[in-house]
>>> print(open('coords_0.csv').read())   # CSV, N, CA and C atoms
chain,number,residue,atom,x,y,z
U,129,MET,N,72.4,149.1,90.2
U,129,MET,CA,72.2,149.4,91.6
U,129,MET,C,70.7,149.1,91.9
U,130,PRO,N,70.5,148.4,93.1
U,130,PRO,CA,69.1,148.0,93.4
U,130,PRO,C,68.2,149.1,93.7
U,131,ARG,N,67.0,148.9,93.4
U,131,ARG,CA,65.9,149.9,93.6
U,131,ARG,C,65.6,150.0,95.1
U,132,VAL,N,65.6,151.2,95.7
U,132,VAL,CA,65.3,151.3,97.1
U,132,VAL,C,63.9,152.0,97.3
U,133,PHE,N,63.1,151.4,98.1
U,133,PHE,CA,61.8,152.0,98.4
U,133,PHE,C,61.8,152.4,99.8
U,134,LEU,N,61.1,153.6,100.1
U,134,LEU,CA,61.1,154.1,101.4
U,134,LEU,C,60.0,153.5,102.2
U,135,ASN,N,58.9,153.1,101.6
U,135,ASN,CA,57.8,152.5,102.4
U,135,ASN,C,57.1,151.4,101.6
U,136,GLU,N,56.2,150.7,102.3
U,136,GLU,CA,55.5,149.6,101.6
U,136,GLU,C,54.5,150.1,100.5
U,137,LEU,N,54.0,151.3,100.7
U,137,LEU,CA,53.1,151.9,99.6
U,137,LEU,C,53.8,152.0,98.3
U,138,ASP,N,55.1,152.5,98.4
U,138,ASP,CA,55.9,152.6,97.1
U,138,ASP,C,56.2,151.2,96.5
U,139,ARG,N,56.4,150.3,97.4
U,139,ARG,CA,56.6,148.9,96.9
U,139,ARG,C,55.4,148.4,96.2
U,140,SER,N,54.2,148.6,96.8
U,140,SER,CA,53.0,148.1,96.2
U,140,SER,C,52.7,148.8,94.9
U,141,SER,N,52.9,150.1,94.8
U,141,SER,CA,52.7,150.8,93.6
U,141,SER,C,53.6,150.3,92.5
U,142,HIS,N,54.9,150.0,92.8
U,142,HIS,CA,55.8,149.4,91.9
U,142,HIS,C,55.3,148.1,91.4
U,143,ARG,N,54.9,147.2,92.3
U,143,ARG,CA,54.4,145.9,91.9
U,143,ARG,C,53.1,146.0,91.1
U,144,LEU,N,52.2,146.9,91.4
U,144,LEU,CA,51.0,147.1,90.5
U,144,LEU,C,51.4,147.6,89.1
U,145,ALA,N,52.3,148.5,89.0
U,145,ALA,CA,52.7,149.0,87.7
U,145,ALA,C,53.4,147.9,86.9
U,146,ALA,N,54.2,147.0,87.5
U,146,ALA,CA,54.8,145.9,86.9
U,146,ALA,C,53.8,144.9,86.4
U,147,TYR,N,52.8,144.6,87.3
U,147,TYR,CA,51.7,143.7,86.9
U,147,TYR,C,51.0,144.2,85.7
U,148,VAL,N,50.6,145.5,85.7
U,148,VAL,CA,49.8,146.1,84.6
U,148,VAL,C,50.6,146.0,83.3
U,149,GLN,N,51.9,146.4,83.4
U,149,GLN,CA,52.8,146.3,82.2
U,149,GLN,C,52.8,144.9,81.6
U,150,GLY,N,52.9,143.9,82.5
U,150,GLY,CA,53.0,142.5,82.1
U,150,GLY,C,51.6,142.1,81.4
U,151,GLU,N,50.5,142.5,82.0
U,151,GLU,CA,49.2,142.2,81.4
U,151,GLU,C,49.0,142.9,80.1
U,152,LYS,N,49.5,144.1,80.0
U,152,LYS,CA,49.4,144.8,78.7
U,152,LYS,C,50.2,144.0,77.6
U,153,ASP,N,51.4,143.5,77.9
U,153,ASP,CA,52.1,142.7,77.0
U,153,ASP,C,51.4,141.4,76.6
U,154,ILE,N,50.9,140.7,77.6
U,154,ILE,CA,50.3,139.4,77.4
U,154,ILE,C,49.0,139.6,76.5
U,155,ARG,N,48.3,140.6,76.8
U,155,ARG,CA,47.0,140.9,76.1
U,155,ARG,C,47.1,141.8,74.9
U,156,ASP,N,48.3,142.2,74.6
U,156,ASP,CA,48.6,143.0,73.4
U,156,ASP,C,47.8,144.3,73.5
U,157,LEU,N,47.8,145.0,74.6
U,157,LEU,CA,47.2,146.3,74.8
U,157,LEU,C,48.2,147.4,74.9
U,158,ASN,N,47.7,148.6,74.6
U,158,ASN,CA,48.6,149.7,74.8
U,158,ASN,C,47.9,150.8,75.7
U,159,ASP,N,48.7,151.8,76.1
U,159,ASP,CA,48.1,152.8,77.0
U,159,ASP,C,46.9,153.5,76.5
U,160,SER,N,46.8,153.6,75.2
U,160,SER,CA,45.6,154.2,74.6
U,160,SER,C,44.3,153.3,74.8
U,161,ASP,N,44.5,152.0,74.7
U,161,ASP,CA,43.4,151.1,74.9
U,161,ASP,C,43.0,151.1,76.4
U,162,LEU,N,43.9,151.1,77.3
U,162,LEU,CA,43.6,151.2,78.7
U,162,LEU,C,43.0,152.5,79.1
U,163,GLY,N,43.6,153.6,78.6
U,163,GLY,CA,43.0,154.9,78.9
U,163,GLY,C,41.6,155.0,78.4
U,164,LYS,N,41.3,154.6,77.2
U,164,LYS,CA,39.9,154.7,76.7
U,164,LYS,C,38.9,153.9,77.6
U,165,ASP,N,39.3,152.7,78.0
U,165,ASP,CA,38.5,151.9,78.9
U,165,ASP,C,38.3,152.5,80.3
U,166,HIS,N,39.3,153.3,80.7
U,166,HIS,CA,39.3,153.9,82.0
U,166,HIS,C,38.7,155.3,82.0
U,167,GLY,N,38.5,155.8,80.8
U,167,GLY,CA,37.9,157.2,80.6
U,167,GLY,C,38.9,158.3,80.8
U,168,ILE,N,40.2,158.0,80.5
U,168,ILE,CA,41.2,159.0,80.5
U,168,ILE,C,42.0,158.9,79.2
U,169,THR,N,42.9,159.9,79.0
U,169,THR,CA,43.7,159.9,77.7
U,169,THR,C,44.8,158.9,77.8
U,170,GLN,N,45.4,158.7,76.7
U,170,GLN,CA,46.6,157.8,76.6
U,170,GLN,C,47.8,158.4,77.4
U,171,GLU,N,47.9,159.7,77.3
U,171,GLU,CA,48.9,160.5,78.0
U,171,GLU,C,48.8,160.3,79.5
U,172,ALA,N,47.6,160.4,80.0
U,172,ALA,CA,47.3,160.3,81.4
U,172,ALA,C,47.6,158.9,81.9
U,173,MET,N,47.2,157.9,81.1
U,173,MET,CA,47.5,156.5,81.5
U,173,MET,C,49.0,156.2,81.5
U,174,SER,N,49.7,156.7,80.5
U,174,SER,CA,51.1,156.5,80.4
U,174,SER,C,51.8,157.2,81.6
U,175,ARG,N,51.3,158.3,82.0
U,175,ARG,CA,51.9,159.1,83.2
U,175,ARG,C,51.7,158.3,84.4
U,176,LYS,N,50.5,157.8,84.6
U,176,LYS,CA,50.2,157.0,85.8
U,176,LYS,C,51.2,155.8,85.9
U,177,LEU,N,51.4,155.1,84.8
U,177,LEU,CA,52.2,153.9,84.8
U,177,LEU,C,53.7,154.3,85.0
U,178,ARG,N,54.1,155.4,84.4
U,178,ARG,CA,55.5,155.8,84.4
U,178,ARG,C,55.9,156.3,85.8
U,179,LEU,N,55.0,157.0,86.4
U,179,LEU,CA,55.3,157.6,87.8
U,179,LEU,C,54.8,156.7,88.9
U,180,LYS,N,54.1,155.6,88.5
U,180,LYS,CA,53.6,154.6,89.5
U,180,LYS,C,52.7,155.4,90.5
U,181,SER,N,51.9,156.2,90.0
U,181,SER,CA,51.0,157.0,90.9
U,181,SER,C,49.5,156.6,90.6
U,182,PHE,N,49.0,155.9,91.5
U,182,PHE,CA,47.6,155.3,91.3
U,182,PHE,C,46.7,155.8,92.4
U,183,SER,N,45.4,156.0,92.0
U,183,SER,CA,44.4,156.2,93.0
U,183,SER,C,43.7,154.9,93.3
U,184,PHE,N,42.8,154.8,94.3
U,184,PHE,CA,42.1,153.6,94.5
U,184,PHE,C,41.2,153.3,93.3
U,185,LYS,N,40.7,154.3,92.7
U,185,LYS,CA,39.9,154.1,91.5
U,185,LYS,C,40.7,153.4,90.4
U,186,ASP,N,41.9,153.8,90.2
U,186,ASP,CA,42.8,153.1,89.3
U,186,ASP,C,43.0,151.7,89.6
U,187,PHE,N,43.3,151.4,90.9
U,187,PHE,CA,43.5,150.0,91.4
U,187,PHE,C,42.3,149.2,91.1
U,188,VAL,N,41.1,149.7,91.4
U,188,VAL,CA,39.9,148.9,91.1
U,188,VAL,C,39.7,148.7,89.6
U,189,PHE,N,40.0,149.7,88.8
U,189,PHE,CA,39.9,149.5,87.4
U,189,PHE,C,40.8,148.3,86.9
U,190,PHE,N,42.1,148.3,87.3
U,190,PHE,CA,43.0,147.3,86.9
U,190,PHE,C,42.6,145.9,87.4
U,191,VAL,N,42.1,145.8,88.6
U,191,VAL,CA,41.6,144.5,89.1
U,191,VAL,C,40.4,144.1,88.3
U,192,GLN,N,39.5,144.9,88.0
U,192,GLN,CA,38.3,144.5,87.2
U,192,GLN,C,38.7,144.2,85.7
U,193,LYS,N,39.7,144.9,85.2
U,193,LYS,CA,40.1,144.7,83.8
U,193,LYS,C,40.8,143.4,83.6
U,194,PHE,N,41.8,143.1,84.6
U,194,PHE,CA,42.7,142.0,84.4
U,194,PHE,C,42.3,140.8,85.2
U,195,GLY,N,41.5,141.0,86.3
U,195,GLY,CA,41.1,139.8,87.1
U,195,GLY,C,42.2,139.0,87.7
U,196,PRO,N,43.1,139.6,88.4
U,196,PRO,CA,44.2,138.8,89.0
U,196,PRO,C,43.6,137.8,90.1
U,197,ASP,N,44.3,136.7,90.2
U,197,ASP,CA,43.9,135.7,91.2
U,197,ASP,C,44.3,136.2,92.6
U,198,ASP,N,43.9,135.5,93.6
U,198,ASP,CA,44.1,135.9,95.0
U,198,ASP,C,45.6,136.0,95.3
U,199,GLU,N,46.4,135.1,94.8
U,199,GLU,CA,47.8,135.1,95.1
U,199,GLU,C,48.5,136.3,94.5
U,200,THR,N,48.1,136.7,93.3
U,200,THR,CA,48.7,137.9,92.7
U,200,THR,C,48.3,139.1,93.4
U,201,LEU,N,47.0,139.2,93.8
U,201,LEU,CA,46.6,140.4,94.6
U,201,LEU,C,47.3,140.5,95.9
U,202,HIS,N,47.5,139.4,96.6
U,202,HIS,CA,48.3,139.4,97.8
U,202,HIS,C,49.7,139.9,97.6
U,203,TYR,N,50.3,139.4,96.5
U,203,TYR,CA,51.7,139.9,96.1
U,203,TYR,C,51.7,141.4,95.9
U,204,ILE,N,50.8,141.9,95.1
U,204,ILE,CA,50.7,143.3,94.8
U,204,ILE,C,50.6,144.1,96.0
U,205,LEU,N,49.7,143.7,96.9
U,205,LEU,CA,49.4,144.5,98.1
U,205,LEU,C,50.4,144.2,99.2
U,206,GLY,N,51.3,143.2,99.1
U,206,GLY,CA,52.3,143.0,100.1
U,206,GLY,C,51.8,142.2,101.3
U,207,ILE,N,50.7,141.4,101.0
U,207,ILE,CA,50.1,140.6,102.1
U,207,ILE,C,50.8,139.2,102.1
U,208,LYS,N,51.2,138.8,103.2
U,208,LYS,CA,51.9,137.5,103.3
U,208,LYS,C,51.0,136.4,103.7
>>> encode(input="coords_0.csv", output="structure tokens")
Amino acid sequence: MPRVFLNELDRSSHRLAAYVQGEKDIRDLNDSDLGKDHGITQEAMSRKLRLKSFSFKDFVFFVQKFGPDDETLHYILGIK
């Protein structure tokens, strides 16, 4: 069954979580590594990714950590 999103914010949160998971796989990182760099516990990082619940501070951290190109940022934010 396809995933249904109620609004664009939910879509963007889902795309950000998918991007971060992909970067974690590519760079061989885990939630503990990301949490430590972000100043939170592994459990807190895992929860953010699982629930797709991010603050602006989280977004900025991921952008600084992974350095996505403009096209990827536009995709995550839903900008055409």
>>> atom_distance(input="coords_0.csv", atom1="atom CA of Leu162 of chain U", atom2="atom CA of Ser141 of chain U")
17.5 Å
>>> residues_around(input="coords_0.csv", residues="Val148 of chain U", least_positions_apart="5", cutoff="9 Å", atoms="only C-alpha atoms", output="list in words")
Arg143, Asp153, Leu177, Phe190 and Phe194 of chain U
>>> residues_around(input="coords_0.csv", residues="Leu157 of chain U", least_positions_apart="6", cutoff="12 Å", atoms="only C-alpha atoms", output="ChimeraX atom specification")
/U:148-151,163-165,170,193-194
>>> atom_distance(input="coords_0.csv", atom1="atom CA of Ser183 of chain U", atom2="atom CA of His202 of chain U")
17.9 Å
>>> residues_near_point(input="coords_0.csv", point="(47.0, 153.6, 88.6)", cutoff="12 Å", atoms="only C-alpha atoms", output="NGL selection string")
:U and (140-149 or 159 or 162-163 or 166 or 168 or 172-191)
>>> atom_distance(input="coords_0.csv", atom1="atom CA of Asp198 of chain U", atom2="atom CA of Leu134 of chain U")
25.7 Å
>>> select_by_dssp(input="coords_0.csv", residues="chain U", states="helix (DSSP H, G or I)", output="ChimeraX atom specification")
/U:136-155,159-166,170-179,184-194,198-205
>>> build_atoms(input="coords_0.csv", residues="segment 162-173 of chain U", atoms="N, CA, C and O atoms", output="mmCIF file, in the frame of the given file")
data_model
loop_
_atom_site.group_PDB
_atom_site.id
_atom_site.type_symbol
_atom_site.label_atom_id
_atom_site.label_comp_id
_atom_site.auth_asym_id
_atom_site.auth_seq_id
_atom_site.Cartn_x
_atom_site.Cartn_y
_atom_site.Cartn_z
ATOM 1 N N LEU U 162 43.900 151.100 77.300
ATOM 2 C CA LEU U 162 43.600 151.200 78.700
ATOM 3 C C LEU U 162 43.000 152.500 79.100
ATOM 4 O O LEU U 162 42.027 152.543 79.847
ATOM 5 N N GLY U 163 43.600 153.600 78.600
ATOM 6 C CA GLY U 163 43.000 154.900 78.900
ATOM 7 C C GLY U 163 41.600 155.000 78.400
ATOM 8 O O GLY U 163 40.754 155.595 79.141
ATOM 9 N N LYS U 164 41.300 154.600 77.200
ATOM 10 C CA LYS U 164 39.900 154.700 76.700
ATOM 11 C C LYS U 164 38.900 153.900 77.600
ATOM 12 O O LYS U 164 37.881 154.400 77.909
ATOM 13 N N ASP U 165 39.300 152.700 78.000
ATOM 14 C CA ASP U 165 38.500 151.900 78.900
ATOM 15 C C ASP U 165 38.300 152.500 80.300
ATOM 16 O O ASP U 165 37.274 152.378 80.898
ATOM 17 N N HIS U 166 39.300 153.300 80.700
ATOM 18 C CA HIS U 166 39.300 153.900 82.000
ATOM 19 C C HIS U 166 38.700 155.300 82.000
ATOM 20 O O HIS U 166 38.435 155.900 83.014
ATOM 21 N N GLY U 167 38.500 155.800 80.800
ATOM 22 C CA GLY U 167 37.900 157.200 80.600
ATOM 23 C C GLY U 167 38.900 158.300 80.800
ATOM 24 O O GLY U 167 38.552 159.398 81.117
ATOM 25 N N ILE U 168 40.200 158.000 80.500
ATOM 26 C CA ILE U 168 41.200 159.000 80.500
ATOM 27 C C ILE U 168 42.000 158.900 79.200
ATOM 28 O O ILE U 168 41.851 157.997 78.386
ATOM 29 N N THR U 169 42.900 159.900 79.000
ATOM 30 C CA THR U 169 43.700 159.900 77.700
ATOM 31 C C THR U 169 44.800 158.900 77.800
ATOM 32 O O THR U 169 45.231 158.480 78.889
ATOM 33 N N GLN U 170 45.400 158.700 76.700
ATOM 34 C CA GLN U 170 46.600 157.800 76.600
ATOM 35 C C GLN U 170 47.800 158.400 77.400
ATOM 36 O O GLN U 170 48.488 157.747 78.104
ATOM 37 N N GLU U 171 47.900 159.700 77.300
ATOM 38 C CA GLU U 171 48.900 160.500 78.000
ATOM 39 C C GLU U 171 48.800 160.300 79.500
ATOM 40 O O GLU U 171 49.771 160.091 80.242
ATOM 41 N N ALA U 172 47.600 160.400 80.000
ATOM 42 C CA ALA U 172 47.300 160.300 81.400
ATOM 43 C C ALA U 172 47.600 158.900 81.900
ATOM 44 O O ALA U 172 48.189 158.681 82.996
ATOM 45 N N MET U 173 47.200 157.900 81.100
ATOM 46 C CA MET U 173 47.500 156.500 81.500
ATOM 47 C C MET U 173 49.000 156.200 81.500
ATOM 48 O O MET U 173 49.532 155.602 82.449
#
